[in-house]
Amino acid sequence: MAKGAAGFFDVDEGLADLSAKGDDLERVNALVDFEIFRTPLEAAVPRGDRSKGGRPPFDHVFMFKVLILQAMHSLSDERCEYLIKDRLSFMRFLGLGLADAVPDANTIWTFREALKKANAIDGLFRRFDEALRACGFLAMSGQIVDATIVAAPKQRNTIEEKAAIKEGRIPEDWKGKPAKLAQKDRDARWTVKYTKAKVRDDGSTPSVDLAIPAFGYKNHISIDRAFGLIREWTATNAAAHDGARLEDVLDRGNTGSDVWADTAYRSEKNEAMLSRRRLVSRIHRKKPKGKPMPERTRIANARKSKVRSAVEHVFAHQKGLMRLCVRTIGIARAKVKIGLANLAYNMRRLVWLRGKYAAA
């Protein structure tokens, strides 16, 4: 053996050290039965006739685990290929040895693209949600709804090109340039996110809140209050109104009747919908225009915020630890990315929940 080359015992010792320090991927592997995804994966990604030979394809579940790795760490296809070869924890998660073949970036892209064409992500998400409920993690105590912006690569378009995109047309200059058209995201949108202005050093507060422009998509989710798991989700462009997606993300299987959300979801239409479905609105009330917020309303909103804030931890995890963003072009591929991120979050949440209740 060459000097400095790793032997089998060295690899085993390295993996044992990773386990001792706490390998989240090892815990996910131990708790998640990835075989439950095999049937929908095989239906979504059929294999061709290999009677003429050729390299055998990678296993469906194996490739799905590669996509989960991607989602957990927000990796590009090229970076994912490299890190699978580089990291022992990634190899162990996928069941690979040092000499085993690793899917290249094109193979990863092709498999994910097949899932997009089959519109399979929502079915895979629901399959895992069914497994969570079977394990006792039932959606209880009501639900919390919110949305967050998922950044996408900014588009450098002219005023005329922007106007054409908003009207649903392809700009004239792009029609004869298929390569350029393929790199232009006509589904993502600009929006403005408002945040409360910070108090100045002298103690005064600016009269205008901060307006931060953002480009990309939105991840609309509903989590259950009991366990903080994502139960329903949808994805839109960043300019879509949150309140218009309330009914889309409500979890009909939640045993609680309360629904928490911020003021963006407060409207006569939504209140009537919740009443019709016999759900109790815990949606924040808006401040009267031109008048101070009534003390009673302020106190009620503060109480609702203590519950509603749990959904912010989901987004903080996805944007912090998982570094969620969209690098692809178009809403269809963005939905795949966002859906996989929501599924990966639930897997990590399961690890945390198991640890919490085991300690108790």
# chains A, B, ... in the order shown; residues from 1 in each chain; ligands from 1
$ residues_around --residues "Tyr194 (chain A)" --least-positions-apart "2" --cutoff "7 Å" --atoms "only C-alpha atoms" --output "list of chain:residue names"
A:Val192, A:Lys196, A:Asp209, A:Leu210, A:Ala211, A:Ile212
$ write_last_selection --atoms "C-alpha atoms" --output "PDB file, in the first residue's frame"
ATOM      1  CA  VAL A 192     -40.383  43.899  -2.262  1.00  0.00           C
ATOM      2  CA  LYS A 196     -39.384  46.946  10.456  1.00  0.00           C
ATOM      3  CA  ASP A 209     -39.832  50.675   7.132  1.00  0.00           C
ATOM      4  CA  LEU A 210     -37.057  49.060   5.125  1.00  0.00           C
ATOM      5  CA  ALA A 211     -37.998  47.844   1.638  1.00  0.00           C
ATOM      6  CA  ILE A 212     -35.755  45.052   0.326  1.00  0.00           C
TER       7      ILE A 212
END
$ select_by_dssp --residues "region 43-238 of chain A" --states "alpha helix (DSSP H)" --output "MDAnalysis selection string"
chainID A and resid 43:44 60:73 77:86 88:94 105:117 121:134 159:166 172:175 178:182
$ atom_distance --atom1 "CA of Asn301 (chain A)" --atom2 "CA of Leu274 (chain A)"
18.4 Å
$ closest_residue --among "A:Asn119, A:Thr107, A:Leu124, A:Cys80" --to "Thr39 (chain A)" --atoms "only C-alpha atoms"
A:Leu124
$ closest_atom_pairs --of "region 275-316 of chain A" --to "region 143-165 of chain A" --cutoff "9 Å" --atoms "only C-alpha atoms" --output "JSON lines"
{"residue": "A:Val307", "atom": "CA", "partner": "A:Ile144", "partner_atom": "CA", "distance": 8.1}
{"residue": "A:Arg308", "atom": "CA", "partner": "A:Ile144", "partner_atom": "CA", "distance": 6.1}
{"residue": "A:Ser309", "atom": "CA", "partner": "A:Ile144", "partner_atom": "CA", "distance": 8.8}
{"residue": "A:Ala310", "atom": "CA", "partner": "A:Ile144", "partner_atom": "CA", "distance": 7.9}
{"residue": "A:Val311", "atom": "CA", "partner": "A:Ile144", "partner_atom": "CA", "distance": 6.6}
{"residue": "A:Glu312", "atom": "CA", "partner": "A:Asp146", "partner_atom": "CA", "distance": 8.3}
{"residue": "A:Phe315", "atom": "CA", "partner": "A:Thr148", "partner_atom": "CA", "distance": 7.0}
$ atom_distance --atom1 "CA of Lys335 (chain A)" --atom2 "CA of Gly95 (chain A)"
27.9 Å
$ atom_distance --atom1 "CA of Ala344 (chain A)" --atom2 "CA of Tyr265 (chain A)"
26.6 Å
$ select_by_dssp --residues "region 65-173 of chain A" --states "strand (DSSP E)" --output "ChimeraX atom specification"
/A:143-151
$ write_last_selection --atoms "all heavy atoms" --output "PDB file, in the first residue's frame"
ATOM      1  N   GLN A 143     -52.897  24.397  12.921  1.00  0.00           N
ATOM      2  CA  GLN A 143     -51.813  24.548  11.951  1.00  0.00           C
ATOM      3  C   GLN A 143     -51.411  26.006  11.794  1.00  0.00           C
ATOM      4  O   GLN A 143     -52.187  26.915  12.063  1.00  0.00           O
ATOM      5  CB  GLN A 143     -52.237  23.967  10.607  1.00  0.00           C
ATOM      6  CG  GLN A 143     -53.562  24.481  10.078  1.00  0.00           C
ATOM      7  CD  GLN A 143     -54.090  23.623   8.946  1.00  0.00           C
ATOM      8  OE1 GLN A 143     -53.434  23.428   7.923  1.00  0.00           O
ATOM      9  NE2 GLN A 143     -55.305  23.102   9.109  1.00  0.00           N
ATOM     10  N   ILE A 144     -50.173  26.183  11.348  1.00  0.00           N
ATOM     11  CA  ILE A 144     -49.597  27.517  11.169  1.00  0.00           C
ATOM     12  C   ILE A 144     -49.194  27.653   9.708  1.00  0.00           C
ATOM     13  O   ILE A 144     -48.503  26.792   9.161  1.00  0.00           O
ATOM     14  CB  ILE A 144     -48.376  27.726  12.083  1.00  0.00           C
ATOM     15  CG1 ILE A 144     -48.723  27.370  13.533  1.00  0.00           C
ATOM     16  CG2 ILE A 144     -47.885  29.170  11.992  1.00  0.00           C
ATOM     17  CD1 ILE A 144     -47.516  27.263  14.444  1.00  0.00           C
ATOM     18  N   VAL A 145     -49.616  28.746   9.091  1.00  0.00           N
ATOM     19  CA  VAL A 145     -49.392  28.954   7.654  1.00  0.00           C
ATOM     20  C   VAL A 145     -48.504  30.177   7.440  1.00  0.00           C
ATOM     21  O   VAL A 145     -48.666  31.197   8.118  1.00  0.00           O
ATOM     22  CB  VAL A 145     -50.734  29.153   6.921  1.00  0.00           C
ATOM     23  CG1 VAL A 145     -50.508  29.465   5.445  1.00  0.00           C
ATOM     24  CG2 VAL A 145     -51.621  27.921   7.085  1.00  0.00           C
ATOM     25  N   ASP A 146     -47.583  30.066   6.523  1.00  0.00           N
ATOM     26  CA  ASP A 146     -46.745  31.220   6.168  1.00  0.00           C
ATOM     27  C   ASP A 146     -46.033  30.930   4.851  1.00  0.00           C
ATOM     28  O   ASP A 146     -46.142  29.833   4.297  1.00  0.00           O
ATOM     29  CB  ASP A 146     -45.718  31.514   7.271  1.00  0.00           C
ATOM     30  CG  ASP A 146     -45.267  32.972   7.275  1.00  0.00           C
ATOM     31  OD1 ASP A 146     -45.668  33.717   6.360  1.00  0.00           O
ATOM     32  OD2 ASP A 146     -44.523  33.372   8.183  1.00  0.00           O
ATOM     33  N   ALA A 147     -45.322  31.929   4.351  1.00  0.00           N
ATOM     34  CA  ALA A 147     -44.578  31.790   3.101  1.00  0.00           C
ATOM     35  C   ALA A 147     -43.269  32.540   3.218  1.00  0.00           C
ATOM     36  O   ALA A 147     -43.139  33.493   3.999  1.00  0.00           O
ATOM     37  CB  ALA A 147     -45.396  32.333   1.925  1.00  0.00           C
ATOM     38  N   THR A 148     -42.280  32.108   2.464  1.00  0.00           N
ATOM     39  CA  THR A 148     -40.992  32.784   2.453  1.00  0.00           C
ATOM     40  C   THR A 148     -40.466  32.849   1.029  1.00  0.00           C
ATOM     41  O   THR A 148     -40.789  31.995   0.191  1.00  0.00           O
ATOM     42  CB  THR A 148     -39.971  32.066   3.354  1.00  0.00           C
ATOM     43  OG1 THR A 148     -38.798  32.875   3.499  1.00  0.00           O
ATOM     44  CG2 THR A 148     -39.560  30.729   2.759  1.00  0.00           C
ATOM     45  N   ILE A 149     -39.668  33.853   0.744  1.00  0.00           N
ATOM     46  CA  ILE A 149     -39.084  34.022  -0.580  1.00  0.00           C
ATOM     47  C   ILE A 149     -37.864  33.111  -0.715  1.00  0.00           C
ATOM     48  O   ILE A 149     -37.029  33.037   0.184  1.00  0.00           O
ATOM     49  CB  ILE A 149     -38.683  35.489  -0.812  1.00  0.00           C
ATOM     50  CG1 ILE A 149     -39.923  36.389  -0.792  1.00  0.00           C
ATOM     51  CG2 ILE A 149     -37.933  35.648  -2.129  1.00  0.00           C
ATOM     52  CD1 ILE A 149     -39.606  37.866  -0.782  1.00  0.00           C
ATOM     53  N   VAL A 150     -37.779  32.414  -1.833  1.00  0.00           N
ATOM     54  CA  VAL A 150     -36.623  31.581  -2.157  1.00  0.00           C
ATOM     55  C   VAL A 150     -35.898  32.239  -3.321  1.00  0.00           C
ATOM     56  O   VAL A 150     -36.456  32.365  -4.417  1.00  0.00           O
ATOM     57  CB  VAL A 150     -37.056  30.149  -2.527  1.00  0.00           C
ATOM     58  CG1 VAL A 150     -35.833  29.301  -2.840  1.00  0.00           C
ATOM     59  CG2 VAL A 150     -37.869  29.531  -1.401  1.00  0.00           C
ATOM     60  N   ALA A 151     -34.698  32.678  -3.072  1.00  0.00           N
ATOM     61  CA  ALA A 151     -33.954  33.454  -4.063  1.00  0.00           C
ATOM     62  C   ALA A 151     -33.590  32.617  -5.284  1.00  0.00           C
ATOM     63  O   ALA A 151     -33.320  31.419  -5.188  1.00  0.00           O
ATOM     64  CB  ALA A 151     -32.692  34.026  -3.437  1.00  0.00           C
TER      65      ALA A 151
END
$ closest_residue --among "A:Ser19, A:Thr328, A:Ser281, A:Gln318" --to "Leu343 (chain A)" --atoms "only C-alpha atoms"
A:Gln318
$ residues_around --residues "region 185-187 of chain A" --least-positions-apart "2" --cutoff "12 Å" --atoms "only C-alpha atoms" --output "number ranges by chain"
A: 152-157, 161-171, 174, 180-183, 189-190, 215-218, 235-240, 326-335
$ closest_residue --among "A:Ile223, A:Ala179, A:Ser89, A:Asn106" --to "Lys21 (chain A)" --atoms "only C-alpha atoms"
A:Ser89
